[in-house]
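Dropping my_file-v7.csv in here (CSV, C-alpha atoms):
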chain,number,residue,atom,x,y,z
U,276,MET,CA,-47.2,75.3,-62.9
U,277,PRO,CA,-50.4,76.0,-64.8
U,278,SER,CA,-53.6,75.5,-62.7
U,279,LEU,CA,-57.3,76.1,-62.4
U,280,SER,CA,-58.8,78.3,-59.7
U,281,LEU,CA,-62.4,78.0,-58.8
U,282,ARG,CA,-65.1,80.1,-57.2
U,283,ILE,CA,-68.6,78.9,-56.4
U,284,ASN,CA,-71.3,81.5,-56.7
U,285,LEU,CA,-74.3,80.7,-54.4
U,286,ASP,CA,-77.7,82.4,-54.0
U,287,PRO,CA,-78.1,85.0,-52.7
U,288,ALA,CA,-74.8,86.6,-53.7
U,289,GLY,CA,-72.3,84.4,-51.9
U,290,ARG,CA,-68.9,83.5,-53.2
U,291,ILE,CA,-66.8,80.6,-52.0
U,292,GLY,CA,-63.2,80.6,-53.3
U,293,PRO,CA,-59.8,79.3,-52.4
U,294,GLY,CA,-59.2,81.9,-49.7
U,295,LYS,CA,-62.2,81.0,-47.6
U,296,ILE,CA,-61.6,77.3,-48.1
U,297,GLU,CA,-58.0,77.6,-46.9
U,298,LEU,CA,-59.2,79.5,-43.9
U,299,LEU,CA,-61.7,76.8,-43.0
U,300,GLU,CA,-59.0,74.2,-43.4
U,301,GLN,CA,-56.6,76.1,-41.2
U,302,ILE,CA,-59.2,76.5,-38.5
U,303,ALA,CA,-59.9,72.8,-38.7
U,304,ALA,CA,-56.2,72.0,-38.5
U,305,PHE,CA,-55.3,74.4,-35.6
U,306,GLY,CA,-58.7,74.3,-33.7
U,307,SER,CA,-58.5,78.1,-33.5
U,308,ILE,CA,-59.5,81.1,-35.7
U,309,SER,CA,-56.7,83.2,-34.3
U,310,ALA,CA,-54.0,80.5,-35.1
U,311,ALA,CA,-55.5,80.1,-38.6
U,312,ALA,CA,-55.4,83.9,-39.1
U,313,ARG,CA,-51.8,84.1,-37.9
U,314,ASN,CA,-50.7,81.3,-40.1
U,315,MET,CA,-52.3,82.9,-43.1
U,316,GLU,CA,-50.8,86.3,-42.2
U,317,MET,CA,-54.3,87.7,-41.9
U,318,SER,CA,-55.8,89.8,-39.1
U,319,TYR,CA,-58.1,88.1,-36.7
U,320,LYS,CA,-60.8,90.6,-37.7
U,321,ARG,CA,-60.4,89.7,-41.4
U,322,ALA,CA,-60.6,86.0,-40.5
U,323,TRP,CA,-63.6,86.5,-38.4
U,324,ASP,CA,-65.3,88.6,-41.1
U,325,LEU,CA,-64.8,85.8,-43.6
U,326,VAL,CA,-66.3,83.2,-41.2
U,327,GLU,CA,-69.2,85.5,-40.4
U,328,GLU,CA,-69.8,86.1,-44.1
U,329,MET,CA,-70.2,82.3,-44.5
U,330,ASN,CA,-72.3,82.0,-41.4
U,331,GLN,CA,-74.7,84.7,-42.9
U,332,LEU,CA,-74.7,83.0,-46.3
U,333,PHE,CA,-75.5,79.6,-45.0
U,334,GLY,CA,-77.9,80.9,-42.3
U,335,LYS,CA,-76.0,78.8,-39.7
U,336,PRO,CA,-72.5,78.7,-38.2
U,337,VAL,CA,-69.7,77.1,-40.3
U,338,VAL,CA,-67.4,77.2,-37.2
U,339,SER,CA,-68.4,76.4,-33.7
U,340,ALA,CA,-66.4,78.0,-30.8
U,341,GLN,CA,-65.9,76.3,-27.5
U,342,THR,CA,-65.8,78.7,-24.6
U,343,GLY,CA,-64.3,78.0,-21.2
U,344,GLY,CA,-62.5,74.8,-20.1
U,345,ARG,CA,-58.9,74.1,-20.2
U,346,ARG,CA,-58.7,74.6,-24.0
U,347,GLY,CA,-61.2,77.5,-24.0
U,348,GLY,CA,-61.5,79.5,-27.2
U,349,GLY,CA,-61.0,76.4,-29.4
U,350,ALA,CA,-62.9,76.3,-32.7
U,351,GLN,CA,-64.0,73.5,-35.0
U,352,LEU,CA,-65.9,73.2,-38.2
U,353,THR,CA,-69.6,72.4,-38.0
U,354,GLN,CA,-71.2,69.9,-40.3
U,355,VAL,CA,-71.9,72.6,-42.9
U,356,GLY,CA,-68.3,73.9,-42.6
U,357,LEU,CA,-66.9,70.4,-43.2
U,358,ALA,CA,-69.3,70.0,-46.2
U,359,ILE,CA,-68.2,73.3,-47.8
U,360,VAL,CA,-64.5,72.3,-47.6
U,361,SER,CA,-64.9,68.7,-48.8
U,362,ARG,CA,-67.3,69.6,-51.6
U,363,PHE,CA,-65.1,72.5,-52.8
U,364,ARG,CA,-62.0,70.2,-52.9
U,365,ALA,CA,-64.0,67.5,-54.7
U,366,ILE,CA,-65.1,70.0,-57.3
U,367,GLU,CA,-61.5,71.3,-57.6
U,368,LEU,CA,-60.1,67.8,-58.1
U,369,ALA,CA,-62.8,66.7,-60.7
U,370,ALA,CA,-62.6,70.0,-62.6
U,371,GLY,CA,-58.8,70.0,-62.6
U,372,THR,CA,-58.9,66.5,-64.1
U,373,VAL,CA,-61.3,67.4,-66.9
U,374,ALA,CA,-59.4,70.7,-67.6
U,375,GLU,CA,-55.9,69.2,-67.7
U,376,LYS,CA,-55.4,68.6,-71.4
U,377,HIS,CA,-56.9,72.0,-72.3
U,378,ILE,CA,-54.7,73.8,-69.9
U,379,GLU,CA,-51.6,71.9,-71.1
U,380,ALA,CA,-52.5,72.9,-74.7
U,381,LEU,CA,-52.8,76.6,-73.7
U,382,GLN,CA,-49.5,76.4,-71.8
U,383,ALA,CA,-47.9,74.8,-74.9
U,384,GLU,CA,-49.0,77.8,-77.0
U,385,ILE,CA,-46.8,80.0,-74.6
U,386,ALA,CA,-43.9,77.6,-74.8
U,387,ALA,CA,-44.1,77.6,-78.6
U,388,ALA,CA,-44.1,81.3,-78.9
S,208,MET,CA,-78.7,80.5,-59.8
S,209,PRO,CA,-75.7,78.9,-58.3
S,210,SER,CA,-72.7,78.6,-60.7
S,211,LEU,CA,-69.0,78.0,-60.9
S,212,SER,CA,-66.5,80.6,-62.1
S,213,LEU,CA,-63.1,79.6,-63.3
S,214,ARG,CA,-59.7,81.2,-63.8
S,215,ILE,CA,-56.8,79.5,-65.6
S,216,ASN,CA,-53.4,80.4,-64.2
S,217,LEU,CA,-50.7,80.0,-66.8
S,218,ASP,CA,-46.9,80.3,-66.5
S,219,PRO,CA,-45.5,82.9,-66.2
S,220,ALA,CA,-48.1,84.7,-64.0
S,221,GLY,CA,-50.9,84.9,-66.5
S,222,ARG,CA,-54.6,84.6,-65.6
S,223,ILE,CA,-57.4,84.0,-68.0
S,224,GLY,CA,-60.9,84.4,-66.6
S,225,PRO,CA,-64.5,85.2,-67.6
S,226,GLY,CA,-63.8,88.9,-68.3
S,227,LYS,CA,-61.0,88.3,-70.8
S,228,ILE,CA,-63.0,85.5,-72.4
S,229,GLU,CA,-66.1,87.6,-72.8
S,230,LEU,CA,-64.0,90.4,-74.3
S,231,LEU,CA,-62.5,88.0,-76.9
S,232,GLU,CA,-66.0,86.7,-77.7
S,233,GLN,CA,-67.3,90.2,-78.2
S,234,ILE,CA,-64.4,91.1,-80.4
S,235,ALA,CA,-65.1,88.0,-82.5
S,236,ALA,CA,-68.8,88.9,-82.7
S,237,PHE,CA,-68.4,92.5,-83.6
S,238,GLY,CA,-65.1,92.4,-85.5
S,239,SER,CA,-64.0,95.4,-83.5
S,240,ILE,CA,-62.2,96.0,-80.2
S,241,SER,CA,-64.0,99.4,-79.8
S,242,ALA,CA,-67.4,97.9,-80.4
S,243,ALA,CA,-66.6,95.1,-77.9
S,244,ALA,CA,-65.5,97.6,-75.3
S,245,ARG,CA,-68.6,99.7,-75.8
S,246,ASN,CA,-70.8,96.7,-75.5
S,247,MET,CA,-69.1,95.7,-72.2
S,248,GLU,CA,-69.2,99.3,-70.9
S,249,MET,CA,-65.4,99.3,-70.7
S,250,SER,CA,-63.1,102.0,-72.0
S,251,TYR,CA,-61.2,101.3,-75.2
S,252,LYS,CA,-58.0,101.6,-73.3
S,253,ARG,CA,-59.0,99.0,-70.8
S,254,ALA,CA,-60.1,96.6,-73.6
S,255,TRP,CA,-56.8,97.1,-75.4
S,256,ASP,CA,-54.8,96.7,-72.2
S,257,LEU,CA,-56.5,93.3,-71.6
S,258,VAL,CA,-55.8,92.2,-75.2
S,259,GLU,CA,-52.2,93.4,-74.9
S,260,GLU,CA,-51.8,91.5,-71.6
S,261,MET,CA,-52.8,88.3,-73.5
S,262,ASN,CA,-50.6,89.1,-76.4
S,263,GLN,CA,-47.7,89.4,-74.0
S,264,LEU,CA,-48.6,86.2,-72.1
S,265,PHE,CA,-48.8,84.1,-75.3
S,266,GLY,CA,-45.9,85.8,-77.0
S,267,LYS,CA,-48.1,86.4,-80.1
S,268,PRO,CA,-51.2,88.3,-81.0
S,269,VAL,CA,-54.6,87.0,-79.8
S,270,VAL,CA,-56.4,89.6,-82.0
S,271,SER,CA,-55.4,90.7,-85.5
S,272,ALA,CA,-56.3,94.1,-86.7
S,273,GLN,CA,-57.1,94.9,-90.3
S,274,THR,CA,-56.1,98.4,-91.3
S,275,GLY,CA,-57.3,100.3,-94.4
S,276,GLY,CA,-60.0,99.1,-96.9
S,277,ARG,CA,-63.7,99.7,-96.8
S,278,ARG,CA,-64.0,98.1,-93.3
S,279,GLY,CA,-60.7,99.4,-92.0
S,280,GLY,CA,-60.1,99.0,-88.3
S,281,GLY,CA,-61.8,95.6,-88.2
S,282,ALA,CA,-60.4,93.0,-85.8
S,283,GLN,CA,-60.6,89.3,-85.5
S,284,LEU,CA,-59.3,86.6,-83.3
S,285,THR,CA,-56.1,84.8,-84.3
S,286,GLN,CA,-55.7,81.0,-84.1
S,287,VAL,CA,-54.5,81.4,-80.5
S,288,GLY,CA,-57.3,83.8,-79.6
S,289,LEU,CA,-59.8,81.3,-80.9
S,290,ALA,CA,-58.1,78.4,-79.0
S,291,ILE,CA,-58.2,80.4,-75.7
S,292,VAL,CA,-62.0,81.0,-76.0
S,293,SER,CA,-62.9,77.5,-77.1
S,294,ARG,CA,-60.7,75.7,-74.5
S,295,PHE,CA,-61.9,78.0,-71.7
S,296,ARG,CA,-65.6,77.3,-72.6
S,297,ALA,CA,-64.8,73.6,-72.9
S,298,ILE,CA,-63.3,73.6,-69.4
S,299,GLU,CA,-66.2,75.6,-68.1
S,300,LEU,CA,-68.8,73.2,-69.5
S,301,ALA,CA,-66.9,70.0,-68.3
S,302,ALA,CA,-66.2,71.5,-64.9
S,303,GLY,CA,-69.8,72.7,-64.5
S,304,THR,CA,-71.0,69.2,-65.2
S,305,VAL,CA,-68.7,67.5,-62.6
S,306,ALA,CA,-69.5,70.2,-60.0
S,307,GLU,CA,-73.2,70.3,-60.5
S,308,LYS,CA,-74.3,67.9,-57.7
S,309,HIS,CA,-71.9,69.4,-55.2
S,310,ILE,CA,-73.0,72.9,-55.9
S,311,GLU,CA,-76.7,71.8,-55.6
S,312,ALA,CA,-75.9,70.2,-52.2
S,313,LEU,CA,-74.3,73.5,-51.0
S,314,GLN,CA,-77.2,75.5,-52.3
S,315,ALA,CA,-79.6,73.1,-50.5
S,316,GLU,CA,-77.8,73.9,-47.2
S,317,ILE,CA,-78.8,77.5,-47.6
S,318,ALA,CA,-82.4,76.7,-48.5
S,319,ALA,CA,-82.6,74.4,-45.4
S,320,ALA,CA,-81.3,77.1,-43.1
In structure tokens, write the structure found in this file.
Amino acid sequence: MPSLSLRINLDPAGRIGPGKIELLEQIAAFGSISAAARNMEMSYKRAWDLVEEMNQLFGKPVVSAQTGGRRGGGAQLTQVGLAIVSRFRAIELAAGTVAEKHIEALQAEIAAA
Amino acid sequence: MPSLSLRINLDPAGRIGPGKIELLEQIAAFGSISAAARNMEMSYKRAWDLVEEMNQLFGKPVVSAQTGGRRGGGAQLTQVGLAIVSRFRAIELAAGTVAEKHIEALQAEIAAA
């Protein structure tokens, strides 16, 4: 199915795209960076590097890690992490809606070939 | 400045993004694939491969080449080539408008850090 994929370019030189958003969503869902990484078939190092890239870009953590306790090592999104996910998905939904008829018309050019 | 970058994913497995769109616009502007490639600091082969990828995807040429005559070798966009550019730019404009306040809010998170 035809679709739109989006990336947000922020100052200075930070890009937020579908991969980072999916990672944040998986971290929120599983409460764990390592479970998120496993589920996305990504190394823990790669997942952590992506989180750290966002931490650096925003100048504050996008994921907070709980250490110790019965569920030690759990992770959850911070306020800014949650804002990144929800604003990205809002943009995606609104952009997909305004793009729909144009994308259908381009897809129809292929079908008509 | 913060911005949105878009890619359109078409069936089967075709992607149209800012690079291909800029190439088509440059071909339209200069009437020549080689001048467009030069202007984008891209090899002629690379430019031609991108054009050919779009020709294959759409099942018809996106650029038509004129051979012979005083201005032999000139190139212009076909109807489908023109449609790709104008629909992509329309999506970009509409999506940028709906995304604007979300992107500003994310950029403000960085400024507030």
Compile the contact shell of Gly238 in chain S as a list in words: residues with an atom at most 12 Å away, counting all atoms listed in the file, same-chain residues fewer than 2 positions apart removed.
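Here the answer would be Leu230, Leu231, Glu232, Gln233, Ile234, Ala235, Ala236, Ile240, Ser241, Ala242, Ala243, Ala244, Val270, Ser271, Ala272, Gln273, Arg278, Gly279, Gly280, Gly281, Ala282, Gln283, Leu284 and Thr285 of chain S.
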Pick from U:Ala380, U:Phe333, U:Ser307, U:Leu368: nearest to chain S, with all atoms listed in the file counted?
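Closest to chain S of all the choices is U:Phe333.
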Have a look at S:Val269, S:Leu289, S:Ile223, S:Ala302 and name the one nearest to Ser210 in chain S; count all atoms listed in the file.
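Using all atoms listed in the file, the shortest distance to Ser210 in chain S belongs to S:Ala302.
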Counting all atoms listed in the file, what is within 12 Å of Thr304 in chain S, bar same-chain residues fewer than 6 positions away, as a ChimeraX atom specification?
/U:366,369-370,373-374 /S:210-211,297-298,310-311
Point-to-point distance from CA of Met247 in chain S to CA of Asp218 in chain S, Å rounded to tenths:
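Straight-line distance from CA of Met247 in chain S to CA of Asp218 in chain S works out to 27.6 Å.
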Residue contacts of Ile283 in chain U (12 Å, all atoms listed in the file) excluding same-chain residues fewer than 4 positions away, as JSON, numbers by chain
{"U": [287, 288, 289, 290, 291, 292, 293, 294, 295, 296, 359, 360, 362, 363, 364, 366, 367], "S": [208, 209, 210, 211, 212, 213, 214, 302, 303, 306, 307, 309, 310, 311, 313, 314]}
Please determine, counting only C-alpha atoms, which residue among U:Ala358, U:Met329, U:Ala387, U:Leu285 has the shortest atom-to-atom distance to chain S.
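Between U:Ala358, U:Met329, U:Ala387, U:Leu285, the residue approaching chain S most closely is U:Leu285.
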Of the candidates U:Ser318, U:Asn330, U:Lys376, U:Asn284, which shows the shortest atom-to-atom distance to chain S, using only C-alpha atoms?
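Answer, going by the shortest atom-to-atom distance: U:Asn284.
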For CA of Arg313 in chain U and CA of Gly334 in chain U, determine how far apart the two atoms are, in Å to one decimal place.
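It comes out at 26.7 Å.
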Counting all atoms listed in the file, which of S:Ser293, S:Val287, S:Ile317, S:Glu229 gets nearest to Ala254 in chain S?
S:Glu229
Would you compute the distance between CA of Ala386 in chain U and CA of Pro268 in chain S? Give it in Å to one decimal.
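Taking CA of Ala386 in chain U as the start and CA of Pro268 in chain S as the end point, the length is 14.4 Å.
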